[in-house]
Amino acid sequence: MTALDRLSVAGIAAEVQAGRRSAVAVIGDVLVRLDAYDAIQPAVWIARFEPDALRAMAAAVDARVAAGETLPLAGVPFAVKDNIDLAGLATTAACPAFAYEPEQSATVVAKLVAAGAIPVGKANLDQFATGLNGTRSPYGIPRNAYNRTWVSGGSSSGSAVAVAAGLVAFALGTDTAGSGRVPAAFNHLVGLKPSKGRWSSTGLVPACRTLDCITVFAGTTEDAALVDTVAAGFDATDSLSRALPDVPRAHRRIGVPRAERCRWFGDIESEYLYRQALAGLDAELVEIDLAPLDEAARLLYDGPWVAERTAALQDLLLDNPDAIHPVVREIVEGGFSYNAVDAFNGAYRLADLARITAAMWDQVDLLALPTAPTSYRVAEMLEAPIALNASLGAYTNFVNLLDMAAIAVPAGSYASGVGFGVTLMGPAGTDRALIDAANAFFPAPASPPPLDLEGRMETVKLAVVGAHLEDMPLHWQLTSREAKFVTATTTAPTYKLYAMAESVPPKPALVHSEDGAAIALEVYELDMAAFGSFVAEVPPPLAIGTVTLADGSMVKGFVAEPRAMTGAEDITSLGGWRAYIARG
């Protein structure tokens, strides 16, 4: 298998501009990578330029450099989400019946090409950019680059995977409700969502035209910033373009949600990763009320803004509704139920919420929110496509409605290998300030896990505190399942340990208690099937629940029913089961 290490925008551009490497050589490497990953995930792409066409583009870049031109993106390969026009390839928005041949590239694409970047092809997406999960395309499902059992995030699914898999150095996505941020988080990427109007939307198939933003996925903030310097700027051909000056913004006071307002949808791992990310911020954390932001978010899918999506697809909905993905059609048809009165009332309420948000910026410099509160397996998403998709937008849907800029940055990894991210947000015009803040708070994000090239095994971490410890009587139940030792540690200091009465072999009961102590334990990792068979053998009054470790993380582990306390001896003061056994 060809090495699919990530490509660097700044690195490639510097090498090609300096003549240390040719653009033709860069494209030669890209073609090898594309062939290799096509065997893994061909659904990343809807269309690509032929190899000879790509070599010709690269040779043209080399000729421009040789002629003395300074090209900030010299020879840098990139992908274009297939709801953005790229001359020479059809624009489909992931709907074959909608496809058309653009006469010219979108303004942003043209600027990037003029700067020396080389467009490789059109990336897959949730049809008509309607979705945050990446499963709604007739061209296949681009799955998470780090665990293909899980969703890639959407709607810019192919764009994110193309960068994560090292096929291109950056990719253009779009963002109406979070499509440029959620896939970035899940694939360990940086996702820059500019202020509305900062980047031209000429040549973009609209989802909600007043909210849509073209975005960039990259491996680092440096690379995202470099693309922004080329792509940003007023465009007279775009009636929604704005000449936005860069607004300086401190990042001393960071707004975070009140704990009771955080929504994790049962995902304790996300909560832990977010708290860990906040703990690393060198700033004052100021709790804010998310209620106004949540209310604004509901206007997008539970209010009249759905009708803006309907307006964009009205002709196709009326003339050929079966051409539209069933889930997308169900969502977009909902817009027909709103009228002009609803639209005006919605606009008035949004204005009220925007005024409240403006006051919030007097209290905090920036917001730092989870990019997404959880993630899902592809199979889960397909079973409940609307409800689960809505969960993914809990911290993204309000951003464009309330005219914010945002940058999603990697901030950890789930046990599955899927990425977790934090998004920094600020008022319109603070794009460069957000990049600076991202560099300050997340200067060197951890390297992502290995790509999932052969099918990643699903595993579960299990904490054991008694008879399953190494060299104890039931340890064989782990070794026979090829459990892998992870670490020896303790619980959080909120547990009590009891020696159960008349248990053969002797076994303890671990019970959560606020006046408890740290209890010694061992953590093992089992594949999902082995874990399931292990759980099936756990006898009452014991059970498998969730145990909090000393570092605040949570894993599966032994817990006990109340009847386990009957006649039991409190051995908490000993600190663990080994000390109890040694006591004799």
# chains A, B, ... in the order shown; residues from 1 in each chain; ligands from 1
$ select_by_dssp --residues "stretch 292-412 of chain A" --states "strand (DSSP E)" --output "PyMOL selection string"
chain A and resi 366-370+404-412
$ closest_residue --among "A:Ile118, A:Cys262, A:Ala408, A:Val256" --to "A:Ala218" --atoms "only C-alpha atoms"
A:Ala408
$ residues_around --residues "A:Ser413" --least-positions-apart "4" --cutoff "8 Å" --atoms "only C-alpha atoms" --output "list in words"
His188, Leu273, Gly417, Val418, Gly419, Phe420 and Pro448 of chain A
$ write_last_selection --atoms "N, CA and C atoms" --output "PDB file, in the first residue's frame"
ATOM      1  N   HIS A 188     -10.268  14.489  12.155  1.00  0.00           N
ATOM      2  CA  HIS A 188      -9.040  15.054  12.736  1.00  0.00           C
ATOM      3  C   HIS A 188      -8.472  16.185  11.867  1.00  0.00           C
ATOM      4  N   LEU A 273     -13.742  14.338  26.630  1.00  0.00           N
ATOM      5  CA  LEU A 273     -12.798  14.959  25.695  1.00  0.00           C
ATOM      6  C   LEU A 273     -12.949  16.479  25.688  1.00  0.00           C
ATOM      7  N   GLY A 417     -11.237   5.780  17.182  1.00  0.00           N
ATOM      8  CA  GLY A 417     -10.354   6.408  16.208  1.00  0.00           C
ATOM      9  C   GLY A 417     -10.970   7.622  15.553  1.00  0.00           C
ATOM     10  N   VAL A 418     -12.271   7.773  15.660  1.00  0.00           N
ATOM     11  CA  VAL A 418     -12.963   8.956  15.134  1.00  0.00           C
ATOM     12  C   VAL A 418     -12.479  10.191  15.889  1.00  0.00           C
ATOM     13  N   GLY A 419     -12.370  11.309  15.184  1.00  0.00           N
ATOM     14  CA  GLY A 419     -11.871  12.519  15.801  1.00  0.00           C
ATOM     15  C   GLY A 419     -12.919  13.264  16.608  1.00  0.00           C
ATOM     16  N   PHE A 420     -12.452  13.950  17.643  1.00  0.00           N
ATOM     17  CA  PHE A 420     -13.277  14.881  18.406  1.00  0.00           C
ATOM     18  C   PHE A 420     -12.709  16.275  18.196  1.00  0.00           C
ATOM     19  N   PRO A 448      -3.054  12.235  14.208  1.00  0.00           N
ATOM     20  CA  PRO A 448      -4.246  11.383  14.182  1.00  0.00           C
ATOM     21  C   PRO A 448      -3.848   9.920  14.222  1.00  0.00           C
TER      22      PRO A 448
END
$ closest_residue --among "A:Pro96, A:Pro505, A:Gly429, A:Pro292" --to "A:Leu316" --atoms "only C-alpha atoms"
A:Pro96
$ residues_around --residues "A:Ala224" --least-positions-apart "4" --cutoff "9 Å" --atoms "only C-alpha atoms" --output "list in words"
Val9, Phe170, Val190, Gly191, Leu192, Val216, Phe217, Ala218, Gly219, Thr220, Asp228, Thr229 and Ile435 of chain A
$ write_last_selection --atoms "N, CA, C and O atoms" --output "tab-separated table (two decimals), in the first residue's frame"
chain	number	residue	atom	x	y	z
A	9	VAL	N	-0.14	22.01	2.48
A	9	VAL	CA	-0.34	23.12	1.55
A	9	VAL	C	0.91	23.99	1.51
A	9	VAL	O	1.48	24.24	0.44
A	170	PHE	N	-5.67	20.18	0.46
A	170	PHE	CA	-6.82	20.85	1.06
A	170	PHE	C	-8.03	20.59	0.18
A	170	PHE	O	-7.90	20.09	-0.95
A	190	VAL	N	-8.66	20.52	10.44
A	190	VAL	CA	-9.06	21.90	10.67
A	190	VAL	C	-10.12	22.26	9.63
A	190	VAL	O	-9.95	21.97	8.44
A	191	GLY	N	-11.19	22.86	10.09
A	191	GLY	CA	-12.24	23.32	9.17
A	191	GLY	C	-12.51	24.79	9.41
A	191	GLY	O	-13.03	25.17	10.46
A	192	LEU	N	-12.14	25.63	8.45
A	192	LEU	CA	-12.37	27.08	8.57
A	192	LEU	C	-13.65	27.45	7.87
A	192	LEU	O	-13.80	27.26	6.66
A	216	VAL	N	-12.98	25.62	3.91
A	216	VAL	CA	-11.77	24.86	3.57
A	216	VAL	C	-11.48	23.84	4.66
A	216	VAL	O	-11.61	24.13	5.86
A	217	PHE	N	-11.09	22.64	4.23
A	217	PHE	CA	-10.56	21.60	5.10
A	217	PHE	C	-9.05	21.52	4.87
A	217	PHE	O	-8.60	21.48	3.72
A	218	ALA	N	-8.30	21.45	5.95
A	218	ALA	CA	-6.84	21.34	5.84
A	218	ALA	C	-6.32	20.60	7.06
A	218	ALA	O	-7.04	20.42	8.05
A	219	GLY	N	-5.05	20.20	6.99
A	219	GLY	CA	-4.47	19.47	8.11
A	219	GLY	C	-4.04	20.35	9.25
A	219	GLY	O	-3.94	19.89	10.38
A	220	THR	N	-3.77	21.64	8.98
A	220	THR	CA	-3.28	22.55	10.01
A	220	THR	C	-3.94	23.91	9.85
A	220	THR	O	-4.46	24.26	8.78
A	228	ASP	N	-7.12	30.80	2.94
A	228	ASP	CA	-7.98	31.96	3.18
A	228	ASP	C	-7.40	33.24	2.58
A	228	ASP	O	-8.15	34.07	2.05
A	229	THR	N	-6.09	33.41	2.63
A	229	THR	CA	-5.49	34.64	2.09
A	229	THR	C	-5.73	34.74	0.59
A	229	THR	O	-5.80	35.85	0.05
A	435	ILE	N	-8.18	32.26	13.79
A	435	ILE	CA	-7.01	31.46	13.39
A	435	ILE	C	-5.89	31.67	14.39
A	435	ILE	O	-5.22	30.72	14.82
$ residues_around --residues "A:Arg21" --least-positions-apart "3" --cutoff "12 Å" --atoms "only C-alpha atoms" --output "VMD selection string"
chain A and resid 11 to 18 24 to 29 58 61 to 62 65 74 to 76
$ atom_distance --atom1 "atom CA of A:Glu502" --atom2 "atom CA of A:Glu522"
24.1 Å
$ closest_atom_pairs --of "stretch 102-164 of chain A" --to "stretch 45-56 of chain A" --cutoff "10 Å" --atoms "only C-alpha atoms" --output "CSV"
residue,atom,partner,partner_atom,distance
A:Ile118,CA,A:Leu54,CA,7.6
A:Pro119,CA,A:Leu54,CA,8.1
A:Val120,CA,A:Arg48,CA,5.9
A:Gly121,CA,A:Arg48,CA,3.9
A:Lys122,CA,A:Ala47,CA,5.2
A:Ala123,CA,A:Trp45,CA,4.4
A:Asn124,CA,A:Trp45,CA,5.1
A:Leu125,CA,A:Ile46,CA,8.8
A:Ser137,CA,A:Ile46,CA,9.9
A:Pro138,CA,A:Ile46,CA,9.8
A:Tyr139,CA,A:Ile46,CA,6.6
A:Gly140,CA,A:Ile46,CA,9.1
A:Pro142,CA,A:Trp45,CA,8.5
A:Ser157,CA,A:Trp45,CA,9.7
A:Gly158,CA,A:Trp45,CA,6.3
A:Ser159,CA,A:Trp45,CA,8.5
A:Val161,CA,A:Trp45,CA,9.7
A:Ala162,CA,A:Trp45,CA,8.4
$ write_last_selection --atoms "all heavy atoms" --output "short mmCIF file (atom, residue, chain, number, x, y, z; two decimals), in the first residue's frame"
data_model
loop_
_atom_site.label_atom_id
_atom_site.label_comp_id
_atom_site.auth_asym_id
_atom_site.auth_seq_id
_atom_site.Cartn_x
_atom_site.Cartn_y
_atom_site.Cartn_z
N ILE A 118 -4.02 23.13 -8.00
CA ILE A 118 -4.45 22.22 -9.06
C ILE A 118 -5.67 21.45 -8.59
O ILE A 118 -5.60 20.64 -7.65
CB ILE A 118 -3.33 21.24 -9.43
CG1 ILE A 118 -2.09 22.00 -9.91
CG2 ILE A 118 -3.79 20.25 -10.50
CD1 ILE A 118 -0.87 21.13 -10.13
N PRO A 119 -6.83 21.66 -9.23
CA PRO A 119 -8.05 20.95 -8.82
C PRO A 119 -8.04 19.51 -9.34
O PRO A 119 -7.95 19.28 -10.55
CB PRO A 119 -9.17 21.77 -9.47
CG PRO A 119 -8.53 22.38 -10.68
CD PRO A 119 -7.09 22.62 -10.32
N VAL A 120 -8.14 18.57 -8.43
CA VAL A 120 -8.07 17.16 -8.81
C VAL A 120 -9.43 16.64 -9.27
O VAL A 120 -9.51 15.83 -10.20
CB VAL A 120 -7.55 16.33 -7.63
CG1 VAL A 120 -7.68 14.83 -7.89
CG2 VAL A 120 -6.10 16.69 -7.34
N GLY A 121 -10.50 17.08 -8.61
CA GLY A 121 -11.82 16.59 -9.00
C GLY A 121 -12.90 17.05 -8.05
O GLY A 121 -12.67 17.90 -7.19
N LYS A 122 -14.09 16.45 -8.23
CA LYS A 122 -15.28 16.82 -7.47
C LYS A 122 -15.55 15.76 -6.39
O LYS A 122 -15.66 14.56 -6.67
CB LYS A 122 -16.49 16.92 -8.40
CG LYS A 122 -16.31 17.85 -9.59
CD LYS A 122 -16.02 19.28 -9.17
CE LYS A 122 -17.20 20.00 -8.54
NZ LYS A 122 -18.31 20.25 -9.48
N ALA A 123 -15.67 16.21 -5.16
CA ALA A 123 -15.84 15.32 -4.02
C ALA A 123 -17.31 15.08 -3.72
O ALA A 123 -18.17 15.95 -3.92
CB ALA A 123 -15.14 15.91 -2.79
N ASN A 124 -17.60 13.90 -3.21
CA ASN A 124 -18.95 13.48 -2.86
C ASN A 124 -19.50 14.30 -1.69
O ASN A 124 -18.73 14.93 -0.94
CB ASN A 124 -18.93 12.00 -2.51
CG ASN A 124 -20.27 11.31 -2.71
OD1 ASN A 124 -21.29 11.95 -2.93
ND2 ASN A 124 -20.26 9.99 -2.64
N LEU A 125 -20.81 14.25 -1.51
CA LEU A 125 -21.47 15.05 -0.47
C LEU A 125 -22.85 14.51 -0.19
O LEU A 125 -23.42 13.76 -0.99
CB LEU A 125 -21.59 16.51 -0.91
CG LEU A 125 -22.54 16.81 -2.09
CD1 LEU A 125 -23.10 18.23 -1.98
CD2 LEU A 125 -21.84 16.65 -3.43
N SER A 137 -26.08 10.11 -0.41
CA SER A 137 -25.61 10.33 -1.77
C SER A 137 -25.82 9.08 -2.62
O SER A 137 -25.48 7.97 -2.17
CB SER A 137 -24.12 10.69 -1.78
OG SER A 137 -23.63 10.71 -3.12
N PRO A 138 -26.33 9.22 -3.85
CA PRO A 138 -26.45 8.06 -4.73
C PRO A 138 -25.10 7.58 -5.26
O PRO A 138 -25.02 6.52 -5.87
CB PRO A 138 -27.33 8.59 -5.87
CG PRO A 138 -27.06 10.05 -5.91
CD PRO A 138 -26.87 10.45 -4.47
N TYR A 139 -24.04 8.35 -5.00
CA TYR A 139 -22.70 7.98 -5.45
C TYR A 139 -21.94 7.17 -4.39
O TYR A 139 -20.75 6.93 -4.53
CB TYR A 139 -21.90 9.23 -5.82
CG TYR A 139 -22.48 9.96 -7.01
CD1 TYR A 139 -23.33 11.05 -6.84
CD2 TYR A 139 -22.20 9.54 -8.31
CE1 TYR A 139 -23.86 11.72 -7.94
CE2 TYR A 139 -22.74 10.20 -9.41
CZ TYR A 139 -23.57 11.29 -9.21
OH TYR A 139 -24.10 11.95 -10.30
N GLY A 140 -22.64 6.74 -3.35
CA GLY A 140 -22.00 5.95 -2.30
C GLY A 140 -21.77 6.76 -1.04
O GLY A 140 -22.02 7.98 -1.00
N PRO A 142 -19.09 8.05 1.63
CA PRO A 142 -17.71 8.22 2.12
C PRO A 142 -17.71 8.02 3.64
O PRO A 142 -18.37 8.75 4.37
CB PRO A 142 -17.37 9.67 1.75
CG PRO A 142 -18.43 10.08 0.77
CD PRO A 142 -19.65 9.31 1.13
N SER A 157 -18.63 15.42 3.00
CA SER A 157 -18.02 14.16 3.38
C SER A 157 -16.79 13.83 2.55
O SER A 157 -15.71 13.56 3.09
CB SER A 157 -19.06 13.04 3.25
OG SER A 157 -19.68 13.07 1.97
N GLY A 158 -16.94 13.82 1.23
CA GLY A 158 -15.81 13.47 0.38
C GLY A 158 -14.66 14.44 0.51
O GLY A 158 -13.49 14.04 0.46
N SER A 159 -14.95 15.71 0.70
CA SER A 159 -13.90 16.72 0.85
C SER A 159 -13.04 16.42 2.07
O SER A 159 -11.80 16.48 2.01
CB SER A 159 -14.52 18.11 0.97
OG SER A 159 -15.18 18.49 -0.22
N VAL A 161 -12.69 13.52 3.76
CA VAL A 161 -11.96 12.26 3.65
C VAL A 161 -10.78 12.39 2.69
O VAL A 161 -9.71 11.83 2.92
CB VAL A 161 -12.91 11.12 3.23
CG1 VAL A 161 -12.13 9.83 2.99
CG2 VAL A 161 -13.98 10.90 4.29
N ALA A 162 -10.96 13.15 1.61
CA ALA A 162 -9.87 13.33 0.64
C ALA A 162 -8.65 13.96 1.28
O ALA A 162 -7.51 13.59 0.97
CB ALA A 162 -10.35 14.18 -0.54
#
$ atom_distance --atom1 "atom CA of A:Gly335" --atom2 "atom CA of A:Thr130"
13.2 Å
$ closest_residue --among "A:Thr423, A:Thr487, A:Asn345, A:Gln477" --to "A:Arg181" --atoms "only C-alpha atoms"
A:Thr423
$ select_by_dssp --residues "stretch 373-576 of chain A" --states "helix (DSSP H, G or I)" --output "VMD selection string"
chain A and resid 378 to 383 385 to 392 431 to 441 476 to 479 528 to 536 562 to 565 572 to 574
$ closest_residue --among "A:Ala530, A:Ala405, A:Leu453, A:Val230" --to "A:Glu482" --atoms "only C-alpha atoms"
A:Ala530
$ closest_residue --among "A:Asp38, A:Glu260, A:Asp403, A:Asp126" --to "A:Ser195" --atoms "only C-alpha atoms"
A:Asp403
